[in-house]
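J.: Take this structure first; my questions come after.
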Amino acid sequence: MYYIIYAMDQPKVERLLRLMKLMTGNVNYTVNDLAERLDTSYRSIYRYIETFKDAGFVVHKLEGGVYKLGKESRYFKDISQLVHFTDEEAHIVNQLINGLDDTNVLKQNLRRKLVSVYDCTSLANSIVKGEHAVNINLLIEAIYKRHKVVLHDYASSNTGIIRDRIVEPFGFTTNYVQVWCYEPSSGMNKLFKSSRIGSVEILDEAWECEAEHHEGYIDIFRMTGFEQYRVCLELSMRARNLLIEEYPLAERDITPINDSCWRLDTKVCNYLGVGRFVLGLMGDIHIVDSPDFEAYIKREIYFMSGCVK
């Protein structure tokens, strides 16, 4: 297998890796589907399939002309687990690549290969297990087709009401936990939790409001929203280390003050995530230049002290 890949030119290697992911995912593709997604001919797809067979992989031809790589293959590993990166993992990988000298010819090649090979929408089944995987893959298909869907029996935590929602899905948060959708009835972009969707039905209706599709923000504490609020904290070494260990993206917003103190200057979508972190390390964190957040923490301490009336 490694010799066969080595003997190919770089574009073919990238296409082969992408094909491998498509053939191991939960979505079923025909040869024509695969050729369209990889922007190549169906004859090339057949040649790549033969390459897989020569390398010791088992290739199954399913009903409807669908081709899949069998997990019983001698060299098979879950490719999706090897290639998929969350935002935090991608940040760490990016740091490692940045660590290479600029004169290193591998640096730009690594960046380009990761971008060209990585396609998160083909990896949902490796991340989302059980009944939710079906809904996620239907949403992925709807996004690809630019079609509306019905989120059947969606259980809203805000209203406590279970009802159907007709939406235009257009993106996901990390690991498919939530889906970004535009809801025509309310004229708003909203996040819907994947775990609260009963079932998904793809409608024959195409998107009508694509110009209105706007994803919100995801802050370093993994909170989401459409507004951002500045928070500035001074951290001890302990707080700084724990913050980076638990929330790796925070490192981008941390600057040293001296050998024992660091400053976190970031924007958050709400105070819930950062508030939990600060309340757990009150002796190691000092709030600076953030009056609204400081007031929030004081209220939380007041409520925690049993002073709620």
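Residue numbers start at 1 in each chain; chains themselves are named A, B, ... in the order of the structure tokens; ligands are numbered from 1 in the order shown.
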When you look at Thr24 of chain A with a cut-off of 7 Å (counting only C-alpha atoms), what residues show up, excluding the ones that are within fewer than 3 positions of it in the same chain? I need them as a PDB file with C-alpha atoms, in the first residue's frame.
T.:
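Written out: around05.pdb:
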ATOM      1  CA  MET A  20     -10.889   6.268   1.195  1.00  0.00           C
ATOM      2  CA  LYS A  21     -12.787   8.501   3.610  1.00  0.00           C
ATOM      3  CA  LYS A  68     -17.649   0.549   0.354  1.00  0.00           C
ATOM      4  CA  LEU A  69     -14.354  -0.427   1.949  1.00  0.00           C
TER       5      LEU A  69
END
J.: I'd like the contact shell of segment 171-181 of chain A - 6 Å cut-off, only C-alpha atoms, skipping same-chain residues fewer than 5 positions apart - returned as a list in words.
T.: Asn189, Lys190, Leu191, Phe192, Lys193 and Ser194 of chain A
J.: When DSSP works through the backbone of this structure, what residues of segment 144-302 of chain A end up as alpha helix (DSSP H), shown as an MDAnalysis selection string?
T.: chainID A and resid 144:145 237:246 272:280 291:302
J.: Can you list, as a list in words, every protein, DNA or RNA residue that comes within 8 Å of Gly216 of chain A when you count only C-alpha atoms, leaving out same-chain residues fewer than 2 positions away?
T.: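 Close residues of Gly216 of chain A: His214, Ile218, Thr224, Gly225, Phe226 and Glu227 of chain A.
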J.: Write out as a ChimeraX atom specification each polymer residue whose atoms come within 6 Å of Trp207 of chain A, counting only C-alpha atoms; drop sequence neighbours fewer than 5 positions from it.
T.: /A:146-148
J.: One number please: atom CA of Leu279 of chain A to atom CA of Lys298 of chain A, in Å, one decimal.
T.: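 Answer for the atom CA of Leu279 of chain A to atom CA of Lys298 of chain A separation: 10.0 Å.
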J.: For Asp265 of chain A, list every protein, DNA or RNA residue within 7 Å, evaluated using only C-alpha atoms, and leave out those in the same chain fewer than 2 positions away; present the list as a PyMOL selection string.
T.: chain A and resi 231-233+253-254+263
J.: As an MDAnalysis selection string, please: every residue in segment 162-231 of chain A that a backbone DSSP assignment puts in strand (DSSP E).
T.: chainID A and resid 162:172 178:183 188:193 199:206 217:218 224:225 229:231
J.: How many Å separate atom CA of Glu168 of chain A from atom CA of Val149 of chain A?
T.: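 Distance reported for this atom pair: 6.4 Å.
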J.: Any idea what's packed within 10 Å of Ser199 of chain A, counting only C-alpha atoms, ignoring anything in its chain fewer than 6 positions away? Could you give it as a list in words?
T.: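 What passes the distance filter is Glu131, His132, Val134, Asn135, Ile136, Leu138, Val150, Leu151, His152, Asp153, Tyr154 and Asp164 of chain A.
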J.: Just the selected residues (C-alpha atoms), exported as a short mmCIF file (atom, residue, chain, number, x, y, z; two decimals), in the first residue's frame, please.
T.:
data_model
loop_
_atom_site.label_atom_id
_atom_site.label_comp_id
_atom_site.auth_asym_id
_atom_site.auth_seq_id
_atom_site.Cartn_x
_atom_site.Cartn_y
_atom_site.Cartn_z
CA GLU A 131 -29.60 7.08 16.41
CA HIS A 132 -28.19 10.60 16.06
CA VAL A 134 -28.87 9.03 10.90
CA ASN A 135 -30.15 12.55 11.56
CA ILE A 136 -26.69 14.07 11.15
CA LEU A 138 -29.54 13.56 6.56
CA VAL A 150 -38.19 19.37 8.89
CA LEU A 151 -36.74 18.77 12.33
CA HIS A 152 -39.47 16.49 13.62
CA ASP A 153 -40.31 16.53 17.35
CA TYR A 154 -37.61 19.02 18.26
CA ASP A 164 -41.71 20.28 14.21
#
J.: Which residue gives the smallest distance to Ala142 of chain A among A:Met282, A:Val66, A:Leu235, A:Val200, with only C-alpha atoms counted?
T.: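 That would be A:Val200, the residue with the smallest distance to Ala142 of chain A.
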